[in-house]
$ cat input_5.pdb   # PDB, C-alpha atoms, pLDDT in the B column
ATOM      1  CA  MET V   6      89.610 196.679 -77.129  1.00 63.00           C
ATOM      2  CA  LYS V   7      90.996 200.216 -77.293  1.00 74.00           C
ATOM      3  CA  LYS V   8      89.937 202.237 -80.306  1.00 91.00           C
ATOM      4  CA  LYS V   9      91.796 204.354 -82.856  1.00 97.00           C
ATOM      5  CA  LEU V  10      91.221 208.112 -82.772  1.00 98.00           C
ATOM      6  CA  PHE V  11      91.324 210.281 -85.902  1.00 98.00           C
ATOM      7  CA  ILE V  12      91.605 214.014 -85.271  1.00 98.00           C
ATOM      8  CA  TYR V  13      90.214 216.029 -88.202  1.00 98.00           C
ATOM      9  CA  GLY V  14      92.481 219.074 -88.358  1.00 96.00           C
ATOM     10  CA  MET V  15      96.192 219.144 -87.521  1.00 93.00           C
ATOM     11  CA  GLY V  16      96.680 222.819 -86.708  1.00 93.00           C
ATOM     12  CA  GLY V  17      97.450 224.227 -83.281  1.00 94.00           C
ATOM     13  CA  PHE V  18      94.168 223.139 -81.746  1.00 96.00           C
ATOM     14  CA  GLY V  19      94.521 219.682 -83.293  1.00 97.00           C
ATOM     15  CA  LYS V  20      97.788 219.317 -81.381  1.00 97.00           C
ATOM     16  CA  GLU V  21      96.038 220.313 -78.150  1.00 97.00           C
ATOM     17  CA  VAL V  22      93.313 217.739 -78.748  1.00 98.00           C
ATOM     18  CA  PHE V  23      96.013 215.136 -79.402  1.00 98.00           C
ATOM     19  CA  ASP V  24      97.507 215.903 -75.974  1.00 97.00           C
ATOM     20  CA  CYS V  25      94.090 215.670 -74.290  1.00 97.00           C
ATOM     21  CA  ALA V  26      93.432 212.311 -75.940  1.00 97.00           C
ATOM     22  CA  LYS V  27      96.839 210.979 -74.876  1.00 96.00           C
ATOM     23  CA  ARG V  28      96.135 211.960 -71.266  1.00 97.00           C
ATOM     24  CA  MET V  29      92.840 210.049 -71.405  1.00 95.00           C
ATOM     25  CA  ASP V  30      94.781 206.792 -71.999  1.00 90.00           C
ATOM     26  CA  TYR V  31      91.817 205.360 -73.892  1.00 93.00           C
ATOM     27  CA  TYR V  32      93.034 205.181 -77.507  1.00 95.00           C
ATOM     28  CA  ASN V  33      95.792 202.791 -78.532  1.00 93.00           C
ATOM     29  CA  GLU V  34      96.596 204.832 -81.659  1.00 96.00           C
ATOM     30  CA  ILE V  35      95.955 208.476 -82.582  1.00 97.00           C
ATOM     31  CA  PHE V  36      96.113 209.843 -86.123  1.00 98.00           C
ATOM     32  CA  TYR V  37      95.147 212.994 -88.019  1.00 98.00           C
ATOM     33  CA  ILE V  38      92.891 213.665 -90.994  1.00 98.00           C
ATOM     34  CA  ASP V  39      93.793 216.707 -93.073  1.00 96.00           C
ATOM     35  CA  ASP V  40      92.577 217.994 -96.434  1.00 92.00           C
ATOM     36  CA  PHE V  41      95.797 219.785 -97.414  1.00 92.00           C
ATOM     37  CA  SER V  42      98.875 217.963 -96.100  1.00 92.00           C
ATOM     38  CA  PHE V  43      98.934 214.195 -95.630  1.00 94.00           C
ATOM     39  CA  ASP V  44     101.153 211.139 -96.009  1.00 95.00           C
ATOM     40  CA  ASN V  45      98.448 208.469 -95.500  1.00 95.00           C
ATOM     41  CA  LYS V  46     100.568 207.009 -92.699  1.00 94.00           C
ATOM     42  CA  ILE V  47     100.111 209.316 -89.722  1.00 95.00           C
ATOM     43  CA  VAL V  48      98.100 212.061 -91.434  1.00 97.00           C
ATOM     44  CA  PHE V  49      95.403 210.762 -93.763  1.00 97.00           C
ATOM     45  CA  SER V  50      93.402 212.455 -96.467  1.00 97.00           C
ATOM     46  CA  PHE V  51      89.668 212.321 -95.869  1.00 97.00           C
ATOM     47  CA  ASP V  52      89.078 210.180 -98.973  1.00 96.00           C
ATOM     48  CA  TYR V  53      91.790 207.690 -98.011  1.00 97.00           C
ATOM     49  CA  PHE V  54      90.399 207.432 -94.479  1.00 97.00           C
ATOM     50  CA  ILE V  55      86.847 206.799 -95.706  1.00 97.00           C
ATOM     51  CA  THR V  56      87.887 204.303 -98.384  1.00 96.00           C
ATOM     52  CA  ASN V  57      90.553 202.311 -96.554  1.00 96.00           C
ATOM     53  CA  ILE V  58      90.337 202.775 -92.798  1.00 95.00           C
ATOM     54  CA  ASN V  59      86.953 203.815 -91.415  1.00 94.00           C
ATOM     55  CA  ASN V  60      85.312 201.028 -89.397  1.00 94.00           C
ATOM     56  CA  GLU V  61      83.624 200.336 -86.068  1.00 92.00           C
ATOM     57  CA  ASN V  62      86.975 200.505 -84.250  1.00 95.00           C
ATOM     58  CA  CYS V  63      87.625 204.111 -85.380  1.00 97.00           C
ATOM     59  CA  GLU V  64      86.380 207.293 -83.732  1.00 98.00           C
ATOM     60  CA  CYS V  65      86.695 210.820 -85.113  1.00 98.00           C
ATOM     61  CA  ILE V  66      86.750 214.286 -83.589  1.00 98.00           C
ATOM     62  CA  VAL V  67      86.788 217.694 -85.305  1.00 98.00           C
ATOM     63  CA  ALA V  68      89.628 219.881 -84.009  1.00 98.00           C
ATOM     64  CA  LEU V  69      88.993 223.363 -85.418  1.00 96.00           C
ATOM     65  CA  GLY V  70      88.068 226.544 -83.568  1.00 94.00           C
ATOM     66  CA  GLU V  71      85.872 228.155 -86.248  1.00 94.00           C
ATOM     67  CA  VAL V  72      82.187 227.272 -85.806  1.00 95.00           C
ATOM     68  CA  SER V  73      81.307 227.225 -89.521  1.00 93.00           C
ATOM     69  CA  SER V  74      84.362 225.149 -90.434  1.00 94.00           C
ATOM     70  CA  ARG V  75      83.674 222.701 -87.620  1.00 96.00           C
ATOM     71  CA  ASN V  76      80.167 222.214 -88.972  1.00 95.00           C
ATOM     72  CA  VAL V  77      81.411 221.491 -92.500  1.00 95.00           C
ATOM     73  CA  LEU V  78      83.823 218.793 -91.331  1.00 97.00           C
ATOM     74  CA  LYS V  79      81.333 217.321 -88.855  1.00 97.00           C
ATOM     75  CA  ASP V  80      78.689 217.030 -91.572  1.00 97.00           C
ATOM     76  CA  LYS V  81      81.199 215.306 -93.890  1.00 97.00           C
ATOM     77  CA  LEU V  82      81.922 212.702 -91.216  1.00 98.00           C
ATOM     78  CA  ILE V  83      78.229 212.170 -90.462  1.00 97.00           C
ATOM     79  CA  SER V  84      77.402 211.716 -94.161  1.00 97.00           C
ATOM     80  CA  HIS V  85      79.881 208.821 -94.302  1.00 97.00           C
ATOM     81  CA  GLY V  86      78.604 207.124 -91.168  1.00 96.00           C
ATOM     82  CA  CYS V  87      81.685 207.826 -89.047  1.00 97.00           C
ATOM     83  CA  ASN V  88      81.718 207.248 -85.299  1.00 97.00           C
ATOM     84  CA  PHE V  89      82.448 210.246 -83.088  1.00 98.00           C
ATOM     85  CA  ALA V  90      84.676 210.423 -80.045  1.00 98.00           C
ATOM     86  CA  THR V  91      84.028 212.471 -76.922  1.00 98.00           C
ATOM     87  CA  ILE V  92      87.303 213.910 -75.627  1.00 98.00           C
ATOM     88  CA  ILE V  93      87.399 214.930 -71.946  1.00 98.00           C
ATOM     89  CA  ASP V  94      90.740 215.859 -70.442  1.00 98.00           C
ATOM     90  CA  PRO V  95      91.303 214.042 -67.128  1.00 98.00           C
ATOM     91  CA  SER V  96      92.179 217.335 -65.415  1.00 98.00           C
ATOM     92  CA  SER V  97      88.705 218.789 -66.044  1.00 98.00           C
ATOM     93  CA  ILE V  98      86.030 218.636 -63.350  1.00 98.00           C
ATOM     94  CA  ILE V  99      82.708 217.299 -64.593  1.00 98.00           C
ATOM     95  CA  SER V 100      79.714 216.995 -62.284  1.00 98.00           C
ATOM     96  CA  PRO V 101      78.195 213.492 -62.322  1.00 98.00           C
ATOM     97  CA  LEU V 102      74.881 215.266 -62.913  1.00 98.00           C
ATOM     98  CA  ALA V 103      76.085 216.960 -66.106  1.00 98.00           C
ATOM     99  CA  LYS V 104      75.132 215.641 -69.548  1.00 98.00           C
ATOM    100  CA  ILE V 105      77.831 215.570 -72.239  1.00 98.00           C
ATOM    101  CA  GLY V 106      76.915 214.953 -75.902  1.00 98.00           C
ATOM    102  CA  VAL V 107      78.829 213.081 -78.600  1.00 98.00           C
ATOM    103  CA  GLY V 108      81.643 214.717 -80.528  1.00 98.00           C
ATOM    104  CA  VAL V 109      82.281 217.069 -77.592  1.00 98.00           C
ATOM    105  CA  ILE V 110      85.765 218.273 -76.580  1.00 98.00           C
ATOM    106  CA  ILE V 111      86.367 219.422 -72.995  1.00 98.00           C
ATOM    107  CA  CYS V 112      89.924 220.635 -72.520  1.00 98.00           C
ATOM    108  CA  GLN V 113      92.151 220.701 -69.472  1.00 97.00           C
ATOM    109  CA  LEU V 114      91.083 222.429 -66.246  1.00 98.00           C
ATOM    110  CA  ALA V 115      87.532 223.130 -67.448  1.00 98.00           C
ATOM    111  CA  PHE V 116      84.653 222.943 -64.951  1.00 98.00           C
ATOM    112  CA  ILE V 117      81.161 221.667 -65.854  1.00 98.00           C
ATOM    113  CA  GLY V 118      78.619 222.133 -63.064  1.00 98.00           C
ATOM    114  CA  PRO V 119      75.667 220.006 -61.949  1.00 98.00           C
ATOM    115  CA  ASP V 120      72.749 219.627 -64.365  1.00 98.00           C
ATOM    116  CA  ALA V 121      74.673 221.445 -67.098  1.00 98.00           C
ATOM    117  CA  GLU V 122      74.225 220.127 -70.644  1.00 98.00           C
ATOM    118  CA  ILE V 123      76.866 220.280 -73.377  1.00 98.00           C
ATOM    119  CA  GLY V 124      75.312 219.642 -76.793  1.00 98.00           C
ATOM    120  CA  ASN V 125      76.747 217.404 -79.498  1.00 98.00           C
ATOM    121  CA  HIS V 126      79.926 218.577 -81.276  1.00 98.00           C
ATOM    122  CA  SER V 127      80.523 221.514 -78.957  1.00 98.00           C
ATOM    123  CA  LEU V 128      83.901 222.568 -77.586  1.00 98.00           C
ATOM    124  CA  VAL V 129      84.759 223.801 -74.087  1.00 98.00           C
ATOM    125  CA  ASN V 130      88.326 225.064 -74.122  1.00 98.00           C
ATOM    126  CA  THR V 131      90.970 225.311 -71.408  1.00 98.00           C
ATOM    127  CA  GLY V 132      89.990 226.686 -68.007  1.00 98.00           C
ATOM    128  CA  SER V 133      86.402 227.594 -68.846  1.00 98.00           C
ATOM    129  CA  ILE V 134      83.705 227.500 -66.165  1.00 98.00           C
ATOM    130  CA  ILE V 135      80.233 226.257 -67.083  1.00 98.00           C
ATOM    131  CA  GLY V 136      77.972 226.794 -64.080  1.00 97.00           C
ATOM    132  CA  HIS V 137      75.024 224.782 -62.826  1.00 98.00           C
ATOM    133  CA  ASP V 138      71.875 224.218 -64.939  1.00 98.00           C
ATOM    134  CA  ILE V 139      73.418 225.725 -68.073  1.00 98.00           C
ATOM    135  CA  LYS V 140      72.348 224.460 -71.482  1.00 98.00           C
ATOM    136  CA  ILE V 141      74.892 224.732 -74.293  1.00 98.00           C
ATOM    137  CA  SER V 142      73.343 223.624 -77.581  1.00 98.00           C
ATOM    138  CA  GLU V 143      75.005 221.819 -80.483  1.00 98.00           C
ATOM    139  CA  ASN V 144      78.044 223.041 -82.433  1.00 97.00           C
ATOM    140  CA  CYS V 145      79.166 225.770 -80.032  1.00 98.00           C
ATOM    141  CA  VAL V 146      82.705 226.958 -79.317  1.00 98.00           C
ATOM    142  CA  ILE V 147      83.430 228.062 -75.748  1.00 98.00           C
ATOM    143  CA  SER V 148      86.939 229.521 -75.870  1.00 98.00           C
ATOM    144  CA  ALA V 149      89.565 229.424 -73.119  1.00 98.00           C
ATOM    145  CA  SER V 150      88.813 231.012 -69.717  1.00 98.00           C
ATOM    146  CA  VAL V 151      85.144 231.761 -70.449  1.00 98.00           C
ATOM    147  CA  LYS V 152      82.839 232.014 -67.419  1.00 98.00           C
ATOM    148  CA  ILE V 153      79.094 231.343 -67.776  1.00 98.00           C
ATOM    149  CA  GLY V 154      76.750 231.979 -64.853  1.00 98.00           C
ATOM    150  CA  GLY V 155      74.187 229.401 -63.790  1.00 97.00           C
ATOM    151  CA  LYS V 156      70.937 228.748 -65.666  1.00 98.00           C
ATOM    152  CA  SER V 157      72.114 230.441 -68.842  1.00 98.00           C
ATOM    153  CA  VAL V 158      71.069 229.088 -72.245  1.00 98.00           C
ATOM    154  CA  ILE V 159      73.431 229.092 -75.231  1.00 98.00           C
ATOM    155  CA  GLY V 160      71.878 228.451 -78.658  1.00 98.00           C
ATOM    156  CA  GLN V 161      73.329 226.506 -81.582  1.00 97.00           C
ATOM    157  CA  ASN V 162      76.470 227.595 -83.448  1.00 97.00           C
ATOM    158  CA  VAL V 163      77.426 230.207 -80.837  1.00 98.00           C
ATOM    159  CA  TYR V 164      81.036 231.366 -80.417  1.00 98.00           C
ATOM    160  CA  LEU V 165      82.165 232.778 -77.058  1.00 98.00           C
ATOM    161  CA  GLY V 166      85.532 234.533 -77.270  1.00 98.00           C
ATOM    162  CA  MET V 167      88.446 233.954 -74.914  1.00 98.00           C
ATOM    163  CA  GLY V 168      87.950 235.353 -71.430  1.00 98.00           C
ATOM    164  CA  SER V 169      84.353 236.466 -71.978  1.00 98.00           C
ATOM    165  CA  ILE V 170      81.923 236.466 -69.040  1.00 98.00           C
ATOM    166  CA  ILE V 171      78.176 235.839 -69.106  1.00 98.00           C
ATOM    167  CA  LYS V 172      75.915 236.848 -66.227  1.00 98.00           C
ATOM    168  CA  GLU V 173      73.689 234.150 -64.733  1.00 98.00           C
ATOM    169  CA  GLY V 174      70.329 233.458 -66.381  1.00 98.00           C
ATOM    170  CA  ILE V 175      71.303 234.922 -69.782  1.00 98.00           C
ATOM    171  CA  THR V 176      70.152 233.576 -73.155  1.00 98.00           C
ATOM    172  CA  ILE V 177      72.326 233.771 -76.264  1.00 98.00           C
ATOM    173  CA  GLU V 178      70.378 232.807 -79.357  1.00 98.00           C
ATOM    174  CA  ASN V 179      71.609 230.824 -82.375  1.00 97.00           C
ATOM    175  CA  ASN V 180      74.626 231.847 -84.486  1.00 96.00           C
ATOM    176  CA  SER V 181      75.750 234.766 -82.322  1.00 97.00           C
ATOM    177  CA  ILE V 182      79.283 235.721 -81.251  1.00 97.00           C
ATOM    178  CA  LEU V 183      80.500 237.266 -78.003  1.00 98.00           C
ATOM    179  CA  GLY V 184      83.904 238.873 -78.486  1.00 97.00           C
ATOM    180  CA  MET V 185      87.073 238.220 -76.516  1.00 97.00           C
ATOM    181  CA  GLY V 186      87.019 239.717 -73.014  1.00 98.00           C
ATOM    182  CA  SER V 187      83.429 240.922 -73.311  1.00 98.00           C
ATOM    183  CA  VAL V 188      80.977 240.880 -70.386  1.00 98.00           C
ATOM    184  CA  LEU V 189      77.360 240.098 -71.244  1.00 98.00           C
ATOM    185  CA  HIS V 190      74.699 241.411 -68.858  1.00 97.00           C
ATOM    186  CA  SER V 191      71.577 240.924 -71.000  1.00 97.00           C
ATOM    187  CA  ASP V 192      70.204 238.476 -73.557  1.00 98.00           C
ATOM    188  CA  LEU V 193      71.817 238.406 -76.996  1.00 98.00           C
ATOM    189  CA  PRO V 194      69.476 237.803 -79.970  1.00 98.00           C
ATOM    190  CA  ALA V 195      70.382 235.531 -82.890  1.00 97.00           C
ATOM    191  CA  ASN V 196      72.933 236.327 -85.610  1.00 97.00           C
ATOM    192  CA  LEU V 197      74.672 239.208 -83.813  1.00 97.00           C
ATOM    193  CA  LEU V 198      78.249 240.043 -82.848  1.00 97.00           C
ATOM    194  CA  ALA V 199      78.524 241.688 -79.415  1.00 98.00           C
ATOM    195  CA  LEU V 200      81.604 243.324 -77.870  1.00 97.00           C
ATOM    196  CA  GLY V 201      82.598 245.296 -74.785  1.00 97.00           C
ATOM    197  CA  ASN V 202      81.740 245.654 -71.109  1.00 97.00           C
ATOM    198  CA  PRO V 203      78.839 245.775 -70.959  1.00 97.00           C
ATOM    199  CA  ALA V 204      78.678 243.874 -74.242  1.00 97.00           C
ATOM    200  CA  ARG V 205      76.517 245.458 -76.935  1.00 97.00           C
ATOM    201  CA  PRO V 206      75.609 244.183 -80.422  1.00 97.00           C
ATOM    202  CA  ILE V 207      77.680 245.946 -83.066  1.00 96.00           C
ATOM    203  CA  ARG V 208      76.797 244.128 -86.269  1.00 94.00           C
ATOM    204  CA  LYS V 209      74.752 241.371 -87.855  1.00 95.00           C
ATOM    205  CA  ILE V 210      76.480 238.050 -88.517  1.00 90.00           C
ATOM    206  CA  GLU V 211      76.502 237.124 -92.206  1.00 83.00           C
ATOM    207  CA  ASP V 212      76.685 233.519 -93.415  1.00 73.00           C
ATOM    208  CA  ASP V 213      80.329 233.900 -94.509  1.00 71.00           C
ATOM    209  CA  PHE V 214      81.525 235.603 -91.286  1.00 79.00           C
ATOM    210  CA  LYS V 215      84.756 234.152 -89.854  1.00 83.00           C
ATOM    211  CA  VAL V 216      86.089 234.691 -86.344  1.00 88.00           C
ATOM    212  CA  PHE V 217      89.602 233.805 -87.505  1.00 82.00           C
ATOM    213  CA  SER V 218      90.412 235.736 -90.677  1.00 67.00           C
TER     214      SER V 218
END
$ encode --input "input_5.pdb" --output "structure tokens"
Amino acid sequence: MKKKLFIYGMGGFGKEVFDCAKRMDYYNEIFYIDDFSFDNKIVFSFDYFITNINNENCECIVALGEVSSRNVLKDKLISHGCNFATIIDPSSIISPLAKIGVGVIICQLAFIGPDAEIGNHSLVNTGSIIGHDIKISENCVISASVKIGGKSVIGQNVYLGMGSIIKEGITIENNSILGMGSVLHSDLPANLLALGNPARPIRKIEDDFKVFS
């Protein structure tokens, strides 16, 4: 029996996830959950979904690009025992030796190499290249057209900006951000924002820091 998919977040990225899910041809119905605008027919409030709809035939996915916001919505779903989808666009290339966690989104034309690991609730956006033996931890956002060299390690809650490049064998520790178009040649410690080519840390990441203001 095909399942129902509920996409939490109906902004621009939510629409992209909808398209990916349609191309998968796995879900017989696709809906949205939204906290601000809903009709409880196609777009449901979170409370209405939990009270009236959520069951074993429903799967959810968080469709936001901000790491901290993704975590808030993911934790809400977990606290109510929701099932999570894994959305993989059919146009992506995934090595059979790669390991993909739950709640992961892999968008169109992405490449995931052999023995790479994508942690739970992480996002790999359009056209990104994840090389061999790379470990991406939980709750990361890999933006469009990012390139990560083999055997790199990406910690939890990391955001990699669009078009950024990471040299092979690099470690990025938890909660750090690599800015759009930056090129990282050396390890990046935790809780730092790095920019440029070569990328250098420019400030500490505070708890309330937002990539999208």
$ residues_near_point --input "input_5.pdb" --point "(90.5, 210.6, -86.7)" --cutoff "10 Å" --atoms "all atoms listed in the file" --output "list in words"
Lys9, Leu10, Phe11, Ile12, Tyr13, Gly14, Glu34, Ile35, Phe36, Tyr37, Ile38, Asp39, Val48, Phe49, Phe51, Phe54, Ile58, Asn59, Cys63, Glu64, Cys65, Ile66, Val67, Ala68, Leu82, Cys87, Asn88, Phe89 and Ala90 of chain V
$ atom_distance --input "input_5.pdb" --atom1 "CA of Tyr31 in chain V" --atom2 "CA of Lys7 in chain V"
6.2 Å
$ residues_around --input "input_5.pdb" --residues "Gly155 in chain V" --least-positions-apart "3" --cutoff "6 Å" --atoms "all atoms listed in the file" --output "tab-separated table (two decimals) with C-alpha atoms, in the coordinates of the input"
chain	number	residue	atom	x	y	z
V	136	GLY	CA	77.97	226.79	-64.08
V	137	HIS	CA	75.02	224.78	-62.83
V	138	ASP	CA	71.88	224.22	-64.94
V	139	ILE	CA	73.42	225.72	-68.07
V	173	GLU	CA	73.69	234.15	-64.73
$ atom_distance --input "input_5.pdb" --atom1 "CA of Ile170 in chain V" --atom2 "CA of Ser100 in chain V"
20.7 Å
$ atom_distance --input "input_5.pdb" --atom1 "CA of Glu71 in chain V" --atom2 "CA of Ser157 in chain V"
22.3 Å
$ resolve_selection --input "input_5.pdb" --expression "the PyMOL selection byres ((chain V and resi 103) around 12)" --output "list in words"
Ile98, Ile99, Ser100, Pro101, Leu102, Lys104, Ile105, Gly106, Phe116, Ile117, Gly118, Pro119, Asp120, Ala121, Glu122, Ile123, Gly124, Ile135, Gly136, His137, Asp138, Ile139, Lys140 and Ile141 of chain V
$ closest_residue --input "input_5.pdb" --among "V:Tyr164, V:Tyr32, V:Phe217, V:Phe43" --to "Val146 in chain V" --atoms "all atoms listed in the file"
V:Tyr164
$ residues_around --input "input_5.pdb" --residues "range 188-198 of chain V" --least-positions-apart "5" --cutoff "7 Å" --atoms "all atoms listed in the file" --output "ChimeraX atom specification"
/V:169-172,175-183,203-204,206-210
$ residues_around --input "input_5.pdb" --residues "Glu143 in chain V" --least-positions-apart "6" --cutoff "8 Å" --atoms "only C-alpha atoms" --output "PyMOL selection string"
chain V and resi 123-127+160-162
$ closest_residue --input "input_5.pdb" --among "V:Gly201, V:Asn60, V:Val22, V:Met15" --to "Ser42 in chain V" --atoms "all atoms listed in the file"
V:Met15
$ resolve_selection --input "input_5.pdb" --expression "the PyMOL selection byres ((chain V and resi 129-134) around 9)" --output "compact mmCIF listing (two decimals) with C-alpha atoms, keeping the file's coordinate frame"
# COMPACT_ATOMS: atom_id res chain seq x y z
CA SER V 97 88.70 218.79 -66.04
CA VAL V 109 82.28 217.07 -77.59
CA ILE V 110 85.76 218.27 -76.58
CA ILE V 111 86.37 219.42 -73.00
CA CYS V 112 89.92 220.64 -72.52
CA GLN V 113 92.15 220.70 -69.47
CA LEU V 114 91.08 222.43 -66.25
CA ALA V 115 87.53 223.13 -67.45
CA PHE V 116 84.65 222.94 -64.95
CA ILE V 117 81.16 221.67 -65.85
CA GLY V 118 78.62 222.13 -63.06
CA ILE V 123 76.87 220.28 -73.38
CA SER V 127 80.52 221.51 -78.96
CA LEU V 128 83.90 222.57 -77.59
CA ILE V 135 80.23 226.26 -67.08
CA GLY V 136 77.97 226.79 -64.08
CA CYS V 145 79.17 225.77 -80.03
CA VAL V 146 82.70 226.96 -79.32
CA ILE V 147 83.43 228.06 -75.75
CA SER V 148 86.94 229.52 -75.87
CA ALA V 149 89.56 229.42 -73.12
CA SER V 150 88.81 231.01 -69.72
CA VAL V 151 85.14 231.76 -70.45
CA LYS V 152 82.84 232.01 -67.42
CA ILE V 153 79.09 231.34 -67.78
CA GLY V 154 76.75 231.98 -64.85
CA MET V 167 88.45 233.95 -74.91
CA GLY V 168 87.95 235.35 -71.43
$ closest_residue --input "input_5.pdb" --among "V:Ile55, V:Ile47, V:Ile159, V:Ile92" --to "Ala26 in chain V" --atoms "only C-alpha atoms"
V:Ile92
$ closest_residue --input "input_5.pdb" --among "V:Phe23, V:Tyr53, V:Asn45, V:Ser73" --to "Glu211 in chain V" --atoms "only C-alpha atoms"
V:Ser73
$ closest_residue --input "input_5.pdb" --among "V:Val72, V:Lys215, V:Gly166, V:Ala199" --to "Asn144 in chain V" --atoms "all atoms listed in the file"
V:Val72
